[in-house]
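Enquirer: Here you go, this is upload_24.cif (mmCIF, C-alpha atoms and all ligand atoms).
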data_input
#
loop_
_atom_site.label_atom_id
_atom_site.label_comp_id
_atom_site.auth_asym_id
_atom_site.auth_seq_id
_atom_site.Cartn_x
_atom_site.Cartn_y
_atom_site.Cartn_z
CA MET C 1 43.58 72.05 -82.90
CA SER C 2 44.38 72.83 -86.54
CA VAL C 3 47.82 72.03 -87.96
CA LYS C 4 48.41 75.77 -88.28
CA ASP C 5 47.60 76.30 -84.58
CA LEU C 6 49.82 73.38 -83.56
CA LEU C 7 52.70 74.85 -85.55
CA GLU C 8 52.16 78.34 -84.14
CA LYS C 9 52.08 77.03 -80.56
CA ARG C 10 54.89 74.46 -80.77
CA ARG C 11 58.16 75.29 -79.01
CA SER C 12 61.21 73.22 -78.21
CA VAL C 13 60.71 72.41 -74.54
CA ARG C 14 63.79 71.68 -72.44
CA HIS C 15 62.33 71.13 -68.93
CA TYR C 16 60.10 68.16 -68.18
CA ASP C 17 58.18 66.58 -65.30
CA SER C 18 60.29 63.48 -64.65
CA ASN C 19 57.37 61.76 -62.86
CA TYR C 20 54.97 62.03 -65.77
CA ILE C 21 54.38 58.77 -67.60
CA VAL C 22 53.49 58.42 -71.25
CA SER C 23 52.38 54.84 -71.83
CA SER C 24 53.93 52.51 -74.40
CA GLU C 25 50.44 52.21 -75.94
CA THR C 26 50.18 55.99 -76.42
CA MET C 27 53.63 56.08 -78.00
CA ALA C 28 52.78 53.16 -80.29
CA THR C 29 49.67 55.04 -81.46
CA LEU C 30 51.65 58.22 -82.12
CA ILE C 31 54.42 56.35 -83.94
CA GLU C 32 51.89 54.39 -85.98
CA SER C 33 50.40 57.67 -87.22
CA ALA C 34 53.84 59.24 -87.80
CA SER C 35 54.77 56.25 -89.94
CA LYS C 36 52.04 57.31 -92.39
CA SER C 37 54.33 60.20 -93.38
CA PRO C 38 55.55 60.26 -96.96
CA ASN C 39 58.76 58.30 -97.50
CA GLY C 40 60.84 57.59 -100.57
CA ASN C 41 59.35 54.74 -102.62
CA ASN C 42 57.52 53.65 -99.45
CA ILE C 43 60.54 51.57 -98.43
CA GLN C 44 59.73 52.49 -94.79
CA ALA C 45 63.28 52.89 -93.53
CA THR C 46 62.64 54.89 -90.35
CA ARG C 47 63.06 53.16 -86.99
CA TYR C 48 62.17 54.45 -83.51
CA LEU C 49 64.50 53.24 -80.77
CA VAL C 50 62.69 54.03 -77.52
CA ILE C 51 65.05 54.30 -74.55
CA ASP C 52 63.13 53.53 -71.37
CA GLU C 53 65.84 51.92 -69.22
CA PRO C 54 66.79 54.56 -66.60
CA HIS C 55 70.43 53.46 -66.59
CA LEU C 56 70.63 53.98 -70.36
CA ARG C 57 69.14 57.45 -69.99
CA ASP C 58 71.79 58.21 -67.36
CA LEU C 59 74.47 56.89 -69.69
CA LEU C 60 73.21 59.11 -72.52
CA LEU C 61 73.06 62.28 -70.42
CA PRO C 62 76.76 63.23 -70.72
CA ILE C 63 76.82 61.94 -74.31
CA ALA C 64 74.08 64.49 -75.05
CA PHE C 65 76.09 67.23 -73.36
CA ASN C 66 74.05 67.02 -70.14
CA GLN C 67 70.82 68.15 -71.74
CA GLN C 68 68.45 67.43 -68.88
CA GLN C 69 65.54 66.42 -71.12
CA VAL C 70 67.46 63.24 -71.94
CA THR C 71 66.74 61.90 -68.45
CA ASP C 72 63.67 63.95 -67.44
CA ALA C 73 61.32 63.62 -70.42
CA SER C 74 58.81 60.77 -70.29
CA VAL C 75 60.04 59.36 -73.57
CA LEU C 76 63.39 59.45 -75.33
CA ILE C 77 63.59 58.16 -78.88
CA VAL C 78 66.60 57.69 -81.12
CA ILE C 79 65.34 58.23 -84.67
CA LEU C 80 67.19 55.87 -86.99
CA GLY C 81 67.31 55.06 -90.68
CA ASP C 82 67.75 51.42 -91.68
CA TYR C 83 70.17 50.88 -94.60
CA HIS C 84 68.68 47.40 -95.12
CA ALA C 85 65.46 49.03 -96.30
CA PHE C 86 67.18 49.70 -99.65
CA GLU C 87 67.61 45.97 -100.28
CA LYS C 88 65.71 44.42 -103.18
CA GLU C 89 63.97 41.89 -100.90
CA ASN C 90 62.44 44.63 -98.74
CA ILE C 91 61.29 46.62 -101.76
CA ILE C 92 59.66 43.58 -103.37
CA LYS C 93 58.01 42.52 -100.09
CA ILE C 94 56.45 45.94 -99.48
CA HIS C 95 55.05 46.18 -102.99
CA GLU C 96 53.74 42.63 -102.78
CA GLU C 97 51.89 43.58 -99.56
CA GLY C 98 50.27 46.52 -101.36
CA PHE C 99 49.24 44.20 -104.18
CA GLN C 100 47.81 41.63 -101.73
CA GLU C 101 45.81 44.41 -100.04
CA GLY C 102 44.33 45.24 -103.44
CA PHE C 103 45.85 48.74 -103.50
CA PHE C 104 47.24 48.25 -107.01
CA ASP C 105 47.36 45.61 -109.71
CA ALA C 106 50.27 43.29 -110.57
CA SER C 107 51.62 45.49 -113.34
CA LEU C 108 51.76 48.58 -111.08
CA ARG C 109 53.33 46.43 -108.33
CA ASP C 110 56.09 45.32 -110.68
CA TYR C 111 56.58 48.79 -112.11
CA LEU C 112 56.81 50.48 -108.68
CA ALA C 113 59.13 47.83 -107.23
CA GLY C 114 61.37 47.90 -110.31
CA ALA C 115 61.55 51.69 -110.34
CA ALA C 116 62.47 51.74 -106.63
CA ILE C 117 65.17 49.10 -107.04
CA ASP C 118 66.66 50.99 -110.01
CA TYR C 119 66.51 54.27 -108.11
CA TYR C 120 68.71 53.05 -105.25
CA VAL C 121 70.99 50.56 -106.98
CA ASN C 122 73.80 52.94 -107.96
CA LYS C 123 73.52 55.38 -105.09
CA SER C 124 76.56 56.04 -102.90
CA LYS C 125 76.47 55.57 -99.13
CA GLU C 126 76.36 59.36 -98.85
CA ASP C 127 73.30 59.52 -101.14
CA LEU C 128 71.57 56.79 -99.12
CA LYS C 129 72.34 58.68 -95.93
CA ILE C 130 70.50 61.69 -97.36
CA GLU C 131 67.56 59.47 -98.34
CA LEU C 132 67.33 58.09 -94.80
CA THR C 133 67.62 61.58 -93.33
CA ARG C 134 64.82 62.94 -95.53
CA ASP C 135 62.42 60.16 -94.57
CA ALA C 136 63.28 60.20 -90.87
CA SER C 137 62.94 63.99 -90.71
CA LEU C 138 59.47 63.97 -92.22
CA ALA C 139 58.35 61.23 -89.83
CA SER C 140 59.93 63.10 -86.91
CA MET C 141 58.02 66.28 -87.64
CA SER C 142 54.80 64.29 -87.84
CA LEU C 143 55.61 62.74 -84.48
CA LEU C 144 56.18 66.17 -82.91
CA LEU C 145 52.84 67.46 -84.16
CA LEU C 146 51.02 64.32 -83.07
CA ALA C 147 52.58 64.57 -79.60
CA ASN C 148 51.59 68.25 -79.39
CA GLU C 149 48.06 67.35 -80.45
CA ALA C 150 47.99 64.78 -77.61
CA GLY C 151 48.88 67.56 -75.12
CA LEU C 152 52.58 66.71 -74.84
CA GLU C 153 55.69 68.80 -75.43
CA THR C 154 58.73 67.84 -77.46
CA ILE C 155 62.28 68.64 -78.46
CA THR C 156 64.43 67.35 -81.29
CA MET C 157 68.15 67.03 -80.58
CA SER C 158 71.27 66.65 -82.67
CA GLY C 159 73.35 67.82 -79.72
CA TYR C 160 74.97 64.51 -78.86
CA ASP C 161 78.15 62.65 -79.71
CA SER C 162 77.04 60.22 -82.38
CA GLU C 163 79.96 57.83 -81.97
CA GLN C 164 79.52 57.58 -78.21
CA LEU C 165 75.75 57.19 -78.46
CA ARG C 166 76.11 54.37 -80.95
CA LEU C 167 78.63 52.66 -78.69
CA ALA C 168 76.49 53.08 -75.56
CA LEU C 169 73.40 51.64 -77.28
CA ASP C 170 75.31 49.09 -79.37
CA ILE C 171 73.83 50.45 -82.62
CA SER C 172 75.35 48.69 -85.63
CA GLU C 173 76.45 50.12 -88.99
CA ARG C 174 73.10 48.97 -90.37
CA TYR C 175 71.47 52.08 -88.88
CA LEU C 176 72.00 55.79 -89.31
CA ASP C 177 71.26 57.84 -86.19
CA VAL C 178 69.36 60.90 -87.38
CA MET C 179 68.27 62.69 -84.20
CA LEU C 180 66.96 62.29 -80.67
CA ILE C 181 63.41 63.23 -79.76
CA ALA C 182 62.28 63.80 -76.18
CA ILE C 183 58.55 63.85 -75.41
CA GLY C 184 56.77 64.57 -72.15
CA LYS C 185 54.96 67.04 -69.93
CA GLY C 186 56.77 70.36 -69.98
CA ILE C 187 57.21 72.22 -66.68
CA LYS C 188 58.69 75.34 -68.25
CA ASN C 189 57.67 76.88 -71.56
CA GLY C 190 60.18 76.81 -74.34
CA HIS C 191 61.44 80.28 -75.14
CA LYS C 192 59.89 82.02 -78.09
CA THR C 193 61.95 82.13 -81.27
CA VAL C 194 61.87 84.43 -84.27
CA ARG C 195 61.53 83.41 -87.89
CA HIS C 196 62.61 85.25 -91.03
CA ASP C 197 59.94 87.28 -92.74
CA VAL C 198 58.35 84.96 -95.27
CA ASN C 199 59.52 87.20 -98.12
CA GLN C 200 63.12 86.53 -97.08
CA VAL C 201 62.76 82.79 -97.60
CA ILE C 202 60.63 82.55 -100.75
CA TYR C 203 62.42 82.75 -104.09
CA LYS C 204 60.88 82.47 -107.51
CA ASN C 205 62.56 80.41 -110.21
CA LYS C 206 66.14 81.40 -109.32
CA ILE C 207 68.30 81.59 -106.19
CA LYS C 208 71.92 82.77 -105.91
C1 LIG U 1 67.71 68.75 -86.06
C2 LIG U 1 67.56 69.59 -84.82
C3 LIG U 1 68.45 69.42 -83.78
C4 LIG U 1 68.30 70.17 -82.62
N1 LIG U 1 69.14 69.94 -81.56
C5 LIG U 1 68.93 70.58 -80.40
C6 LIG U 1 69.70 70.24 -79.26
O1 LIG U 1 70.54 69.35 -79.27
N2 LIG U 1 69.47 70.92 -78.11
C7 LIG U 1 68.52 71.90 -78.03
O2 LIG U 1 68.38 72.48 -76.94
N3 LIG U 1 67.76 72.22 -79.09
C8 LIG U 1 67.93 71.57 -80.26
N4 LIG U 1 67.12 71.84 -81.34
C9 LIG U 1 66.03 72.81 -81.19
C10 LIG U 1 66.30 74.12 -81.93
O3 LIG U 1 67.25 74.87 -81.24
C11 LIG U 1 64.96 74.84 -82.08
O4 LIG U 1 64.10 74.08 -82.88
C12 LIG U 1 65.11 76.24 -82.70
O5 LIG U 1 65.89 77.07 -81.87
C13 LIG U 1 63.76 76.90 -82.92
O6 LIG U 1 63.03 76.93 -81.69
P1 LIG U 1 61.60 76.26 -81.55
O7 LIG U 1 61.74 74.80 -81.88
O8 LIG U 1 61.19 76.46 -80.11
O9 LIG U 1 60.68 76.96 -82.51
C14 LIG U 1 67.26 71.13 -82.51
C15 LIG U 1 66.37 71.27 -83.58
C16 LIG U 1 66.51 70.52 -84.72
C17 LIG U 1 65.51 70.67 -85.83
#
Please go through the file and, once you have read it, give me the structure as structure tokens.

Expert:
Amino acid sequence: MSVKDLLEKRRSVRHYDSNYIVSSETMATLIESASKSPNGNNIQATRYLVIDEPHLRDLLLPIAFNQQQVTDASVLIVILGDYHAFEKENIIKIHEEGFQEGFFDASLRDYLAGAAIDYYVNKSKEDLKIELTRDASLASMSLLLLANEAGLETITMSGYDSEQLRLALDISERYLDVMLIAIGKGIKNGHKTVRHDVNQVIYKNKIK
């Protein structure tokens, strides 16, 4: 199916077959492809915390305001951003790997790594949070489309208590929780939703 068709057909699905299994191998394949999404300076900060322990799903249900997909979907993922990805060591390592693969020469390696280090060095925690959110959101959308292409349904969720979720899953300050994604076999279509007319959302050169 074309990307356009996938986008036209995609809906947020909130009812899932709780007996349907999506294998770890399938998820790893989908996540591997999603990780090819663009990301700032290729620092690769997005992490995918897959919650497959039933008791953890049960624990998260009230934290996510009893949204049934939290327990019923085949897969539940907490999309995270890793603040450690901004560290100099990570940036140098990633660019060295690209150099070793022969993707660029030593001078481009040093230029790219240096530019990335300089870009993040004076950023506030709030700025870094936005960087992590940008990257994780792009990867998340890729994951949704890949799951749809594989015949699965999805929903993204910010409807949860972040503090409680972090406590329940023992997520440290190192990580920013960006959203939850549930993936599985839908048993009820997501309701249709409207979108603004395209002319209401396109502006040229100036917006007030
Ligand atoms: C960041 C984000 C968070 C969302 N959180 C929830 C949620 O917690 N619960 C829910 O039922 N839908 C949630 N949604 C789904 C939206 O309500 C849905 O995408 C929107 O109504 C458009 O519908 P569609 O996805 O079917 O086109 C979320 C969507 C996004 C992008």

Enquirer: Show me as number ranges by chain the residues that reach within 10 Å of (51.9, 63.4, -80.0), counting all atoms listed in the file and using the file's own coordinates.

Expert: C: 26-27, 29-31, 33-34, 142-154, 183-184

Enquirer: Give as a count of residues only the residues surrounding ligand LIG 1 (chain U) up to a distance of 7 Å, considering all atoms listed in the file.

Expert: 16

Enquirer: Which one is closest to Ala113 (chain C): C:Glu89, C:Asp52, C:Asp135, C:Glu126? Count all atoms listed in the file.

Expert: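 Selected residue with least distance to Ala113 (chain C): C:Glu89.
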
Enquirer: Could you state the separation of CA of Arg109 (chain C) and CA of His95 (chain C) in Å, given to one decimal place?

Expert: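 CA of His95 (chain C) lies 5.6 Å from CA of Arg109 (chain C).
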
Enquirer: Using only C-alpha atoms, can you tell me which of C:Arg47, C:Lys4, C:His55, C:His15 comes closest to Gly186 (chain C)?

Expert: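 Nearest to Gly186 (chain C): C:His15.
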
Enquirer: Have a look at C:Arg195, C:Arg57, C:Lys129, C:Lys9 and name the one nearest to Leu180 (chain C); count all atoms listed in the file.

Expert: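 Nearest candidate to Leu180 (chain C) out of C:Arg195, C:Arg57, C:Lys129, C:Lys9: C:Arg57.
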
Enquirer: Separation of CA of Tyr119 (chain C) and CA of Gly40 (chain C), in Å?

Expert: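 Computing it gives 10.0 Å between the two atoms.
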
Enquirer: Could you tell me which of C:Gly98, C:Gly81, C:Pro54, C:Pro38 comes closest to Leu112 (chain C) if we count all atoms listed in the file?

Expert: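 Answer, going by the shortest atom-to-atom distance: C:Gly98.
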
Enquirer: Can you work out which one of C:Leu169, C:Ile43, C:Ala182, C:Ile21 has the shortest atom-to-atom distance to Glu97 (chain C), counting all atoms listed in the file?

Expert: C:Ile43

Enquirer: Between C:Val78, C:Ala116, C:Val198, C:Leu6, which residue has the minimum interatomic distance to Leu49 (chain C), considering all atoms listed in the file?

Expert: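 Among the listed residues, the smallest separation from Leu49 (chain C) belongs to C:Val78.
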
Enquirer: Rounded to one decimal place, report the CA of Leu128 (chain C)-CA of Ser37 (chain C) distance in Å.

Expert: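 Separation between CA of Leu128 (chain C) and CA of Ser37 (chain C): 18.5 Å.
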
Enquirer: Select all residues near (76.2, 58.3, -77.4) (cut-off 12 Å, inclusive, file coordinates), counting only C-alpha atoms, and output them as a count of residues only.

Expert: 30

Enquirer: Name all residues at most 8 Å from Asp82 (chain C) (count only C-alpha atoms; drop same-chain ones fewer than 4 positions away) and give them as a ChimeraX atom specification.

Expert: /C:45-47,132,174-176
